[in-house]
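Enquirer: This structure is in structure tokens; I'll ask about it shortly.
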Amino acid sequence: MDVTGLLDTATEAAMAVGPRLREAFRSRPQITTKRDFHDPVTEHDRAAEETIRAVITARRPGGAIVGEEGGETGSGEVRWYVDPIDGTANFAAGLPFFCVSIAAAVRGELVAGVVYDPVREDMFTASTEGAWCDGKPIRSEGATRDREAMLLSSYPSPLDLEAEGEEALRRYGRFVGSFAAVRRPGSAALKLAHVAAGWSDAAYGTRSHPWDVAAGALLVRQAGGVYLGDPLAKGDYLAHVGGFDLKNSALAEVLPG
């Protein structure tokens, strides 16, 4: 399989929507909702996914595309996982923490992934050969214990609060008390890219879909970090930089099953 070609296609597709997203950013686009009012979508999500699908289909016909907005189409040994705007709530409000996430898997194995931050124009790429940001190799290195570490997490989400009640707040309190800093920036894919680059030390999320985390998971692993969870199935994930003491971390109580 031509892994380089897959990565080039993902990169081209992500960059193709950059100008549109930059132009629309901070325009306060009209929002509709999917599951509930915590789950927004804009016309730019749908249009960006259409563009990404068109690029992939033109460059690499014969595969399956699994997109957040358009569902699954096509079939073949290559499966593409596409989130046109991961962090839509941030994008719609004007907060510059969102990205385009595209990953390719061959026979169930992730082989290429791109996380593109169109505001900063940071292009994170990963393949079976390594991980890079703007063409430069990255290493997932940083803090070794909670008290020195930056944790990125949107936990507890409204669904976590609904399912776990006050225990979710108590667990979040343990995270806040244990880590040097806890931030809730949104965008699972971009959080994982930051862990891969060593800009943050750990990331944790629940109920994530493959289009949210597949590219980021490959980035973390290929940069020398640790990603726990199945990035190709809906579920929880936990990622951290290489050398981090997970056993003695507050995160040890939420290891993905």
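So you can find residues: chains in the structure tokens are A, B, ... in the order shown, residues in each start at 1, and ligands are numbered from 1 in order.
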Write out as a PDB file with C-alpha atoms, in the first residue's frame which residues come within 10 Å of Lys247 (chain A) when counting only C-alpha atoms, dropping same-chain ones fewer than 5 positions away.

Expert:
ATOM      1  CA  ARG A 145       3.994  13.182  36.821  1.00  0.00           C
ATOM      2  CA  ALA A 252      -5.229   5.730  36.375  1.00  0.00           C
ATOM      3  CA  GLU A 253      -8.855   5.457  37.526  1.00  0.00           C
TER       4      GLU A 253
END

Enquirer: Give me, as a PyMOL selection string, all polymer residues having an atom no more than 7 Å from region 173-180 of chain A, counting only C-alpha atoms and skipping those fewer than 2 positions away in the same chain.

Expert: chain A and resi 146-151+169-171+182+250

Enquirer: How about saving the chosen residues, N, CA, C and O atoms kept, as a short mmCIF file (atom, residue, chain, number, x, y, z; two decimals), in the first residue's frame?

Expert:
data_model
loop_
_atom_site.label_atom_id
_atom_site.label_comp_id
_atom_site.auth_asym_id
_atom_site.auth_seq_id
_atom_site.Cartn_x
_atom_site.Cartn_y
_atom_site.Cartn_z
N ASP A 146 1.83 14.03 37.46
CA ASP A 146 0.70 14.94 37.43
C ASP A 146 1.06 16.36 37.86
O ASP A 146 0.66 17.34 37.22
N ARG A 147 1.79 16.50 38.93
CA ARG A 147 2.00 17.82 39.53
C ARG A 147 2.80 18.76 38.63
O ARG A 147 2.87 19.95 38.87
N GLU A 148 3.40 18.21 37.57
CA GLU A 148 4.14 19.03 36.61
C GLU A 148 3.42 19.11 35.26
O GLU A 148 3.91 19.78 34.34
N ALA A 149 2.28 18.45 35.14
CA ALA A 149 1.70 18.18 33.82
C ALA A 149 0.48 19.04 33.52
O ALA A 149 -0.29 19.44 34.40
N MET A 150 0.28 19.28 32.24
CA MET A 150 -0.91 19.94 31.70
C MET A 150 -1.84 18.87 31.13
O MET A 150 -1.47 18.11 30.24
N LEU A 151 -3.06 18.80 31.68
CA LEU A 151 -4.08 17.86 31.20
C LEU A 151 -5.11 18.61 30.38
O LEU A 151 -5.66 19.63 30.82
N LEU A 169 -18.26 15.00 38.91
CA LEU A 169 -17.69 16.23 39.46
C LEU A 169 -16.59 15.93 40.47
O LEU A 169 -15.58 16.63 40.52
N ARG A 170 -16.78 14.88 41.27
CA ARG A 170 -15.73 14.51 42.23
C ARG A 170 -14.47 14.07 41.50
O ARG A 170 -13.35 14.42 41.89
N ARG A 171 -14.65 13.29 40.42
CA ARG A 171 -13.48 12.85 39.64
C ARG A 171 -12.78 14.05 39.00
O ARG A 171 -11.55 14.14 39.02
N VAL A 182 -5.36 22.03 34.40
CA VAL A 182 -6.35 21.30 33.61
C VAL A 182 -7.06 22.32 32.73
O VAL A 182 -7.52 23.35 33.21
N ALA A 250 -3.71 10.50 38.63
CA ALA A 250 -5.17 10.52 38.85
C ALA A 250 -5.91 9.94 37.67
O ALA A 250 -7.05 9.50 37.81
#

Enquirer: State, in Å with one decimal place, the distance from CA of Glu141 (chain A) to CA of Ser157 (chain A).

Expert: 27.6 Å

Enquirer: Counting only C-alpha atoms, which residue out of A:Gly87, A:Gly142, A:Gly235, A:Gly225 sits closest to Leu255 (chain A)?

Expert: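 Using only C-alpha atoms, the shortest distance to Leu255 (chain A) belongs to A:Gly235.
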
Enquirer: Could you tell me how far CA of Ala215 (chain A) lies from CA of Arg20 (chain A), in Å and to one decimal?

Expert: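 CA of Arg20 (chain A) lies at a distance of 21.5 Å from CA of Ala215 (chain A).
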
Enquirer: Rank nothing, just name the residue among A:Ala126, A:Leu152, A:Ile65, A:Leu219 nearest to Tyr172 (chain A), using only C-alpha atoms.

Expert: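 Using only C-alpha atoms, the shortest distance to Tyr172 (chain A) belongs to A:Leu152.
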
Enquirer: Set the distance at 7 Å and use only C-alpha atoms: which residues neighbour Asp245 (chain A) once local chain neighbours fewer than 3 positions away are removed? I'd like the list as a VMD selection string.

Expert: chain A and resid 144 to 145 248 to 249

Enquirer: For the residues in that selection, give me C-alpha atoms as a short mmCIF file (atom, residue, chain, number, x, y, z; two decimals), in the first residue's frame.

Expert:
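Ended up saving to again.cif:
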data_model
loop_
_atom_site.label_atom_id
_atom_site.label_comp_id
_atom_site.auth_asym_id
_atom_site.auth_seq_id
_atom_site.Cartn_x
_atom_site.Cartn_y
_atom_site.Cartn_z
CA THR A 144 6.54 12.67 34.01
CA ARG A 145 3.99 13.18 36.82
CA ASN A 248 0.51 6.90 39.90
CA SER A 249 -1.62 9.47 38.07
#
